[in-house]
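For reference, entry.pdb is printed below; it contains PDB, C-alpha atoms, pLDDT in the B column.
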MODEL        1
ATOM      1  CA  MET A  64      18.638 -24.423  20.488  1.00 55.00           C
ATOM      2  CA  LYS A  65      14.964 -24.100  19.514  1.00 63.00           C
ATOM      3  CA  SER A  66      13.253 -26.680  17.372  1.00 68.00           C
ATOM      4  CA  GLY A  67      12.901 -26.007  13.634  1.00 64.00           C
ATOM      5  CA  ASP A  68       9.162 -25.275  13.748  1.00 73.00           C
ATOM      6  CA  THR A  69       9.556 -21.572  14.619  1.00 79.00           C
ATOM      7  CA  HIS A  70       9.616 -20.393  11.003  1.00 80.00           C
ATOM      8  CA  PRO A  71       6.365 -19.789   9.093  1.00 85.00           C
ATOM      9  CA  ASP A  72       5.388 -21.938   6.134  1.00 88.00           C
ATOM     10  CA  TYR A  73       6.786 -20.172   3.053  1.00 91.00           C
ATOM     11  CA  HIS A  74       5.130 -21.340  -0.184  1.00 95.00           C
ATOM     12  CA  GLN A  75       3.998 -20.235  -3.649  1.00 96.00           C
ATOM     13  CA  ILE A  76       0.713 -18.333  -4.119  1.00 96.00           C
ATOM     14  CA  LYS A  77      -0.916 -16.553  -7.045  1.00 97.00           C
ATOM     15  CA  VAL A  78      -1.544 -12.795  -6.734  1.00 94.00           C
ATOM     16  CA  VAL A  79      -4.303 -11.211  -8.856  1.00 93.00           C
ATOM     17  CA  MET A  80      -4.063  -7.438  -9.208  1.00 89.00           C
ATOM     18  CA  THR A  81      -7.049  -5.107  -9.670  1.00 85.00           C
ATOM     19  CA  ASP A  82      -6.589  -4.962 -13.453  1.00 86.00           C
ATOM     20  CA  GLY A  83      -6.677  -8.765 -13.715  1.00 90.00           C
ATOM     21  CA  THR A  84      -2.960  -9.377 -14.204  1.00 91.00           C
ATOM     22  CA  GLU A  85      -1.531 -12.279 -12.243  1.00 94.00           C
ATOM     23  CA  PHE A  86       1.841 -13.342 -10.965  1.00 94.00           C
ATOM     24  CA  THR A  87       3.216 -16.076  -8.740  1.00 96.00           C
ATOM     25  CA  THR A  88       5.263 -15.281  -5.672  1.00 96.00           C
ATOM     26  CA  TYR A  89       6.353 -16.793  -2.384  1.00 96.00           C
ATOM     27  CA  SER A  90       4.442 -15.818   0.739  1.00 95.00           C
ATOM     28  CA  THR A  91       3.268 -16.944   4.159  1.00 94.00           C
ATOM     29  CA  TYR A  92      -0.326 -16.061   3.139  1.00 92.00           C
ATOM     30  CA  GLY A  93      -2.785 -18.977   3.122  1.00 92.00           C
ATOM     31  CA  LYS A  94      -1.716 -22.376   1.861  1.00 93.00           C
ATOM     32  CA  GLU A  95       0.273 -23.602  -1.127  1.00 95.00           C
ATOM     33  CA  GLY A  96      -1.554 -22.639  -4.342  1.00 94.00           C
ATOM     34  CA  ASP A  97      -3.987 -20.129  -2.753  1.00 95.00           C
ATOM     35  CA  THR A  98      -4.932 -16.966  -4.649  1.00 96.00           C
ATOM     36  CA  LEU A  99      -4.660 -13.470  -3.165  1.00 94.00           C
ATOM     37  CA  HIS A 100      -6.963 -10.916  -4.829  1.00 92.00           C
ATOM     38  CA  LEU A 101      -5.749  -7.352  -4.261  1.00 87.00           C
ATOM     39  CA  GLU A 102      -8.250  -4.543  -3.727  1.00 84.00           C
ATOM     40  CA  VAL A 103      -5.574  -1.830  -3.935  1.00 82.00           C
ATOM     41  CA  ASP A 104      -2.325  -2.161  -5.853  1.00 79.00           C
ATOM     42  CA  PRO A 105       0.479   0.020  -7.259  1.00 78.00           C
ATOM     43  CA  THR A 106      -1.104   0.183 -10.722  1.00 75.00           C
ATOM     44  CA  THR A 107      -4.284   1.894  -9.520  1.00 73.00           C
ATOM     45  CA  HIS A 108      -3.648   3.623  -6.186  1.00 73.00           C
ATOM     46  CA  PRO A 109      -2.963   7.400  -6.375  1.00 72.00           C
ATOM     47  CA  ALA A 110      -0.111   7.115  -3.885  1.00 73.00           C
ATOM     48  CA  TRP A 111       1.896   5.206  -6.513  1.00 71.00           C
ATOM     49  CA  THR A 112       0.469   6.624  -9.736  1.00 71.00           C
ATOM     50  CA  GLY A 113       0.668  10.284  -8.698  1.00 71.00           C
ATOM     51  CA  GLY A 114      -2.797  11.001  -9.996  1.00 65.00           C
ATOM     52  CA  ASP A 115      -5.771  12.671  -8.354  1.00 54.00           C
ATOM     53  CA  GLN A 116      -3.754  14.064  -5.484  1.00 52.00           C
ATOM     54  CA  HIS A 117      -5.171  17.446  -4.621  1.00 56.00           C
ATOM     55  CA  LEU A 118      -4.261  19.426  -1.551  1.00 54.00           C
ATOM     56  CA  THR A 119      -7.544  20.019   0.191  1.00 59.00           C
ATOM     57  CA  ASP A 120      -7.931  22.202   3.221  1.00 55.00           C
ATOM     58  CA  ARG A 121     -10.918  22.373   5.495  1.00 60.00           C
ATOM     59  CA  GLY A 122      -9.736  25.142   7.795  1.00 63.00           C
ATOM     60  CA  GLY A 123      -6.851  23.079   9.085  1.00 72.00           C
ATOM     61  CA  ARG A 124      -3.090  23.108   8.765  1.00 75.00           C
ATOM     62  CA  LEU A 125      -2.882  24.871   5.422  1.00 75.00           C
ATOM     63  CA  SER A 126      -5.068  27.775   6.561  1.00 77.00           C
ATOM     64  CA  ARG A 127      -3.110  28.164   9.803  1.00 78.00           C
ATOM     65  CA  PHE A 128       0.186  28.065   7.894  1.00 80.00           C
ATOM     66  CA  LYS A 129      -0.961  30.689   5.399  1.00 81.00           C
ATOM     67  CA  LYS A 130      -2.237  32.935   8.196  1.00 81.00           C
ATOM     68  CA  LYS A 131       0.971  32.574  10.207  1.00 83.00           C
ATOM     69  CA  PHE A 132       3.278  33.383   7.288  1.00 85.00           C
ATOM     70  CA  GLU A 133       1.155  35.784   5.213  1.00 85.00           C
ATOM     71  CA  GLY A 134       3.121  38.745   3.935  1.00 81.00           C
ATOM     72  CA  MET A 135       6.419  36.897   4.348  1.00 76.00           C
ATOM     73  CA  PHE A 136       6.628  35.762   0.746  1.00 64.00           C
TER      74      PHE A 136
ENDMDL
END
Any chance you could give the structure as structure tokens?
Amino acid sequence: MKSGDTHPDYHQIKVVMTDGTEFTTYSTYGKEGDTLHLEVDPTTHPAWTGGDQHLTDRGGRLSRFKKKFEGMF
């Protein structure tokens, strides 16, 4: 059996979100009591908020799709 030192150190850290809110969680990041400042988080990123998501096409997939299936619908 392997020795017990194969697991990472799991300890409490403070996470600071982009809007300044904080919470404490367990992580393998840094050392006990370190602070992790997020640059992107679920409260601000469009992937989670659903905002500012526009379908842009620069002559790529959307144009090819429309050309292939024009007149079908």
Output check: residues returned by the PyMOL selection byres ((chain A and resi 95) around 6), as a PDB file with C-alpha atoms, in the frame of the given file:
ATOM      1  CA  HIS A  74       5.130 -21.340  -0.184  1.00 95.00           C
ATOM      2  CA  GLN A  75       3.998 -20.235  -3.649  1.00 96.00           C
ATOM      3  CA  LYS A  94      -1.716 -22.376   1.861  1.00 93.00           C
ATOM      4  CA  GLY A  96      -1.554 -22.639  -4.342  1.00 94.00           C
ATOM      5  CA  ASP A  97      -3.987 -20.129  -2.753  1.00 95.00           C
TER       6      ASP A  97
END
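In this structure, atom CA of A:Asp104 sits 27.6 Å away from atom CA of A:His70.
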Report task. Could you tell me which residues the PyMOL selection byres ((chain A and resi 92) around 12) grabs in this file, written as a count of residues only? Result -> 20
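Going from atom CA of A:Met80 to atom CA of A:Ala110 covers 16.0 Å.
Going from atom CA of A:Phe86 over to atom CA of A:Trp111, you cover 19.1 Å.
Every residue within 10 Å of the file position (-9.1, -3.1, -11.0), judged by only C-alpha atoms, is given as Val79, Met80, Thr81, Asp82, Gly83, Thr84, Leu101, Glu102, Val103, Asp104, Thr106, Thr107 and His108 of chain A.
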Please put the answer as AutoDock Vina command-line options: centre and edge lengths, in Å with one decimal, of a box along x, y and z that encloses all listed atoms of stretch 69-75 of chain A plus 3 Å on each side.
--center_x 6.8 --center_y -20.9 --center_z 5.5 --size_x 11.6 --size_y 8.1 --size_z 24.3
